[in-house]
There are 2 protein chains.
Amino acid sequence: TIVAAAEAYFSASRRLSGLRALVTSGPTHEAIDPVRYIANRSSGRQGHAIAAELARQGAEVTLVSGPVTLPDPPGVNTLHVNSAREMLQACEGALPVDIAICAAAVSDWRASEEAGQKIKKDGKEPPALKLCENPDILARLSASGAKRPRLVIGFAAETSDIAEQAAAKRQRKGCDWILANDVSAESGTFGGPDNRIILIDDQGQEDWPRSSKDAVAQRLAARIAQAFDRPHRQDETPADD
Amino acid sequence: TIVAAAEAYFSASRRLSGLRALVTSGPTHEAIDPVRYIANRSSGRQGHAIAAELARQGAEVTLVSGPVTLPDPPGVNTLHVNSAREMLQACEGALPVDIAICAAAVSDWRASEEAGQKIKKDGKEPPALKLCENPDILARLSASGAKRPRLVIGFAAETSDIAEQAAAKRQRKGCDWILANDVSAESGTFGGPDNRIILIDDQGQEDWPRSSKDAVAQRLAARIAQAFDRPHRQDETPADD
């Protein structure tokens, strides 16, 4: 029957049941004044696809999403935030988790002072916008002490020297894996359906072929299951053991 | 019949036929680098509603829209742009028109230099973002010489002293009417369904009651028809003439 087939399909693929996962997704919006903000071109598609896939594989997923136009993924506890500071707070509130995946394109900077009123043109030269650094969510989760997730995964959105930049980022942040992708305008990654990933871990570099963001999510979920020693099918008994 | 009723409805309301209108709508996005940009909270709902209503009333409408998630209004020639400079170019290309309505929330400023590569955090203090002034589309259309539209209408998005700021803006820009609205966070105007308008013209100030953006568009279209001496119904013959 269709029901039995669906049950078999879901139970066969629920390789992550019992694990808790935190996923961030989308851009952040950093207010300059009540009207203006700094944003970036992340659509949230990759992060949302990962959250949906982990949930489908049985994980208990909290998704912390910046402003996107995507629907909340089914079966995922989705929290909506705007700024990097709000995103950090929501992430810390979601700990402890087994897996943290930082797919959001968090703004590195915000305006040092958010104006309470709309900043007016007054006929003079525009003021330089003073910026200050936002909290680094990936680094914070990677260094969260006793609450540190067992597996912390970051993304690196690069426009040049992708693998080198990503390997350096992995070291700097203290995370376990980095999934690097090319977000140059030519690549069509931001906002587009496809992604080409280079995975960096302590073993080195893995090049994944260009594929849909859903396929990237499936491949990542499989690799996570492998890292947690989850068998390919829960109902499979290894022949020799 | 339904067809006849629909025809009567449309012909009765086509008070602007034969007129050409240009409407701008939505925010602009001003690139900082290939990934980041400065944006604002305009949804484009008011500008799109105006374009749709003017077209419904028989005007030949060109809509120049910044990045929005709204569908193109039916019966409207819609041009899509990102930045203020692209918007100005599209507007100038649409001239001559009889009516220009600048409802877009054009970014006053852009980054002085757009970086070709993603700007990296390098562990130092973030750099101040140097800004320069964008072209002023409303002022340019108001001062376009022989091609000046007969009626130029601007919007003023204010968070305080709304009528005073708007009257000053009307003088400064050289436009004919200003529709001022309150975009403070409390007002819910940006992104929301409603709007409260104060219209400023050479006669003074008119306060419109809070209403839907569609109703604002209808009221504005009626006031434009009045300004162009269009009768309330095209099939009506004035009793004394």
# chains A, B, ... in the order shown; residues from 1 in each chain; ligands from 1
$ closest_atom_pairs --of "chain B" --to "chain A" --cutoff "7 Å" --atoms "only C-alpha atoms" --output "tab-separated table"
residue	atom	partner	partner_atom	distance
B:Pro34	CA	A:Ala185	CA	6.6
B:Val35	CA	A:Asn40	CA	5.4
B:Arg36	CA	A:Asn40	CA	4.2
B:Tyr37	CA	A:Ala39	CA	5.4
B:Ile38	CA	A:Ile38	CA	4.5
B:Ala39	CA	A:Tyr37	CA	5.4
B:Asn40	CA	A:Arg36	CA	4.2
B:Arg41	CA	A:Val35	CA	5.6
B:Gln117	CA	A:Thr159	CA	6.2
B:Lys118	CA	A:Thr159	CA	6.3
B:Pro126	CA	A:Cys132	CA	6.0
B:Pro127	CA	A:Leu131	CA	6.8
B:Ala128	CA	A:Lys130	CA	4.7
B:Leu129	CA	A:Leu129	CA	5.0
B:Lys130	CA	A:Ala128	CA	4.7
B:Leu131	CA	A:Ala128	CA	5.7
B:Cys132	CA	A:Pro126	CA	6.0
B:Glu133	CA	A:Pro126	CA	6.5
B:Thr159	CA	A:Gln117	CA	6.2
B:Ser184	CA	A:Pro34	CA	6.6
B:Ala185	CA	A:Pro34	CA	6.6
$ select_by_dssp --residues "range 60-232 of chain B" --states "strand (DSSP E or B)" --output "MDAnalysis selection string"
chainID B and resid 60:65 77:80 99:102 105 109:111 129 131:133 151:158 177:182 194:195 197:201 204:207 211:212
$ residues_around --residues "His48 in chain A" --least-positions-apart "4" --cutoff "12 Å" --atoms "only C-alpha atoms" --output "CSV table (one decimal) with N, CA, C and O atoms, in the first residue's frame"
chain,number,residue,atom,x,y,z
A,22,LEU,N,20.8,22.2,15.1
A,22,LEU,CA,20.5,23.7,15.0
A,22,LEU,C,21.0,24.1,13.6
A,22,LEU,O,22.1,23.8,13.3
A,23,VAL,N,20.1,24.8,12.9
A,23,VAL,CA,20.5,25.3,11.5
A,23,VAL,C,20.2,26.8,11.5
A,23,VAL,O,19.1,27.2,11.9
A,24,THR,N,21.2,27.6,11.0
A,24,THR,CA,20.9,29.0,10.7
A,24,THR,C,20.8,29.1,9.2
A,24,THR,O,21.4,28.4,8.4
A,25,SER,N,20.0,30.1,8.8
A,25,SER,CA,19.7,30.2,7.3
A,25,SER,C,19.3,31.7,7.0
A,25,SER,O,18.9,32.4,7.8
A,26,GLY,N,19.6,32.0,5.7
A,26,GLY,CA,19.1,33.4,5.3
A,26,GLY,C,20.1,34.5,5.5
A,26,GLY,O,21.2,34.2,6.1
A,27,PRO,N,19.8,35.7,5.2
A,27,PRO,CA,20.7,36.8,5.4
A,27,PRO,C,20.4,37.4,6.8
A,27,PRO,O,19.4,36.9,7.5
A,42,SER,N,21.8,36.5,0.3
A,42,SER,CA,21.4,35.1,0.6
A,42,SER,C,19.9,34.9,0.5
A,42,SER,O,19.1,35.8,1.1
A,43,SER,N,19.5,33.9,-0.1
A,43,SER,CA,18.0,33.6,-0.2
A,43,SER,C,17.5,32.7,0.9
A,43,SER,O,16.3,32.6,1.2
A,44,GLY,N,18.4,32.0,1.6
A,44,GLY,CA,18.1,31.0,2.6
A,44,GLY,C,17.7,29.6,2.1
A,44,GLY,O,17.4,28.7,2.8
A,52,ALA,N,15.2,21.0,6.4
A,52,ALA,CA,14.1,20.1,6.0
A,52,ALA,C,14.6,18.7,5.9
A,52,ALA,O,13.9,17.8,6.3
A,53,GLU,N,15.8,18.5,5.3
A,53,GLU,CA,16.4,17.2,5.1
A,53,GLU,C,16.7,16.5,6.5
A,53,GLU,O,16.4,15.3,6.7
A,54,LEU,N,17.3,17.3,7.4
A,54,LEU,CA,17.7,16.7,8.7
A,54,LEU,C,16.4,16.3,9.4
A,54,LEU,O,16.4,15.2,10.0
A,55,ALA,N,15.4,17.1,9.3
A,55,ALA,CA,14.1,16.7,10.0
A,55,ALA,C,13.5,15.5,9.3
A,55,ALA,O,13.0,14.6,10.0
A,61,VAL,N,15.0,19.4,14.8
A,61,VAL,CA,15.6,20.5,14.2
A,61,VAL,C,15.1,21.8,14.6
A,61,VAL,O,13.9,22.1,14.6
A,62,THR,N,16.0,22.7,15.1
A,62,THR,CA,15.6,24.1,15.3
A,62,THR,C,16.3,24.9,14.1
A,62,THR,O,17.5,24.8,13.9
A,63,LEU,N,15.5,25.7,13.4
A,63,LEU,CA,16.0,26.5,12.3
A,63,LEU,C,15.9,28.0,12.8
A,63,LEU,O,14.8,28.4,13.1
A,64,VAL,N,17.0,28.7,12.8
A,64,VAL,CA,17.0,30.1,13.1
A,64,VAL,C,17.2,30.9,11.8
A,64,VAL,O,18.2,30.8,11.2
A,65,SER,N,16.1,31.5,11.3
A,65,SER,CA,16.1,32.1,10.0
A,65,SER,C,16.1,33.6,10.0
A,65,SER,O,15.3,34.2,10.7
A,66,GLY,N,17.0,34.2,9.2
A,66,GLY,CA,16.9,35.6,8.9
A,66,GLY,C,15.7,35.9,8.0
A,66,GLY,O,15.0,35.0,7.7
A,68,VAL,N,13.6,36.0,5.0
A,68,VAL,CA,13.6,35.3,3.7
A,68,VAL,C,12.1,35.3,3.3
A,68,VAL,O,11.2,35.5,4.0
A,69,THR,N,11.9,34.9,2.0
A,69,THR,CA,10.6,34.8,1.5
A,69,THR,C,10.1,33.3,1.4
A,69,THR,O,9.1,33.0,0.8
A,70,LEU,N,10.9,32.4,2.0
A,70,LEU,CA,10.6,31.0,1.9
A,70,LEU,C,9.6,30.6,3.0
A,70,LEU,O,9.6,31.2,4.1
A,71,PRO,N,8.8,29.6,2.8
A,71,PRO,CA,8.0,29.1,3.9
A,71,PRO,C,8.8,28.3,4.9
A,71,PRO,O,9.9,27.9,4.6
A,72,ASP,N,8.3,28.3,6.1
A,72,ASP,CA,9.0,27.4,7.1
A,72,ASP,C,9.0,26.0,6.7
A,72,ASP,O,7.9,25.5,6.2
A,73,PRO,N,10.1,25.3,6.8
A,73,PRO,CA,10.1,23.9,6.4
A,73,PRO,C,9.2,23.0,7.3
A,73,PRO,O,9.1,23.3,8.5
A,74,PRO,N,8.5,22.0,6.7
A,74,PRO,CA,7.6,21.2,7.6
A,74,PRO,C,8.4,20.4,8.6
A,74,PRO,O,9.5,19.9,8.4
A,75,GLY,N,7.9,20.3,9.8
A,75,GLY,CA,8.5,19.5,10.9
A,75,GLY,C,9.7,20.1,11.5
A,75,GLY,O,10.4,19.4,12.2
A,76,VAL,N,9.9,21.4,11.3
A,76,VAL,CA,11.0,22.1,11.8
A,76,VAL,C,10.6,23.2,12.7
A,76,VAL,O,9.6,23.9,12.4
A,77,ASN,N,11.2,23.3,13.9
A,77,ASN,CA,10.9,24.4,14.8
A,77,ASN,C,11.6,25.7,14.3
A,77,ASN,O,12.8,25.8,14.4
A,78,THR,N,10.9,26.6,13.6
A,78,THR,CA,11.6,27.7,13.0
A,78,THR,C,11.4,29.0,13.8
A,78,THR,O,10.3,29.4,14.2
A,79,LEU,N,12.5,29.7,14.1
A,79,LEU,CA,12.5,30.9,14.8
A,79,LEU,C,13.0,32.0,13.8
A,79,LEU,O,14.0,31.9,13.1
A,101,ILE,N,24.7,23.8,12.3
A,101,ILE,CA,25.1,24.1,10.9
A,101,ILE,C,24.8,25.5,10.6
A,101,ILE,O,23.6,26.0,10.6
A,102,CYS,N,25.8,26.3,10.4
A,102,CYS,CA,25.7,27.8,10.3
A,102,CYS,C,25.6,28.1,8.8
A,102,CYS,O,26.7,28.3,8.2
A,103,ALA,N,24.5,28.0,8.2
A,103,ALA,CA,24.3,28.3,6.7
A,103,ALA,C,23.9,29.7,6.5
A,103,ALA,O,23.8,30.2,5.3
A,104,ALA,N,23.5,30.5,7.5
A,104,ALA,CA,23.1,31.9,7.3
A,104,ALA,C,24.3,32.7,6.8
A,104,ALA,O,25.4,32.4,7.2
A,213,LYS,N,20.4,22.5,-4.5
A,213,LYS,CA,20.6,22.7,-3.1
A,213,LYS,C,19.9,21.6,-2.3
A,213,LYS,O,20.4,21.3,-1.2
A,214,ASP,N,18.8,21.0,-2.8
A,214,ASP,CA,18.2,19.9,-2.1
A,214,ASP,C,19.2,18.7,-2.1
A,214,ASP,O,19.3,18.0,-1.1
A,216,VAL,N,22.5,18.8,-2.3
A,216,VAL,CA,23.5,19.2,-1.4
A,216,VAL,C,23.1,18.8,0.1
A,216,VAL,O,23.8,18.2,0.8
A,217,ALA,N,21.8,19.2,0.4
A,217,ALA,CA,21.3,18.9,1.7
A,217,ALA,C,21.3,17.4,2.0
A,217,ALA,O,21.7,16.9,3.1
$ residues_around --residues "Arg223 in chain A" --least-positions-apart "3" --cutoff "12 Å" --atoms "only C-alpha atoms" --output "ChimeraX atom specification"
/A:15-16,54,151,153,177,199,201,206,216-220,226-232
$ atom_distance --atom1 "CA of Asp182 in chain B" --atom2 "CA of Asn195 in chain B"
8.0 Å
$ select_by_dssp --residues "range 80-142 of chain A" --states "helix (DSSP H, G or I)" --output "list in words"
Ala84, Arg85, Glu86, Met87, Leu88, Gln89, Ala90, Cys91, Glu92, Gly93, Ala94, Ile137, Leu138, Ala139, Arg140, Leu141 and Ser142 of chain A
$ residues_around --residues "range 166-175 of chain B" --least-positions-apart "4" --cutoff "7 Å" --atoms "only C-alpha atoms" --output "count of residues only"
10
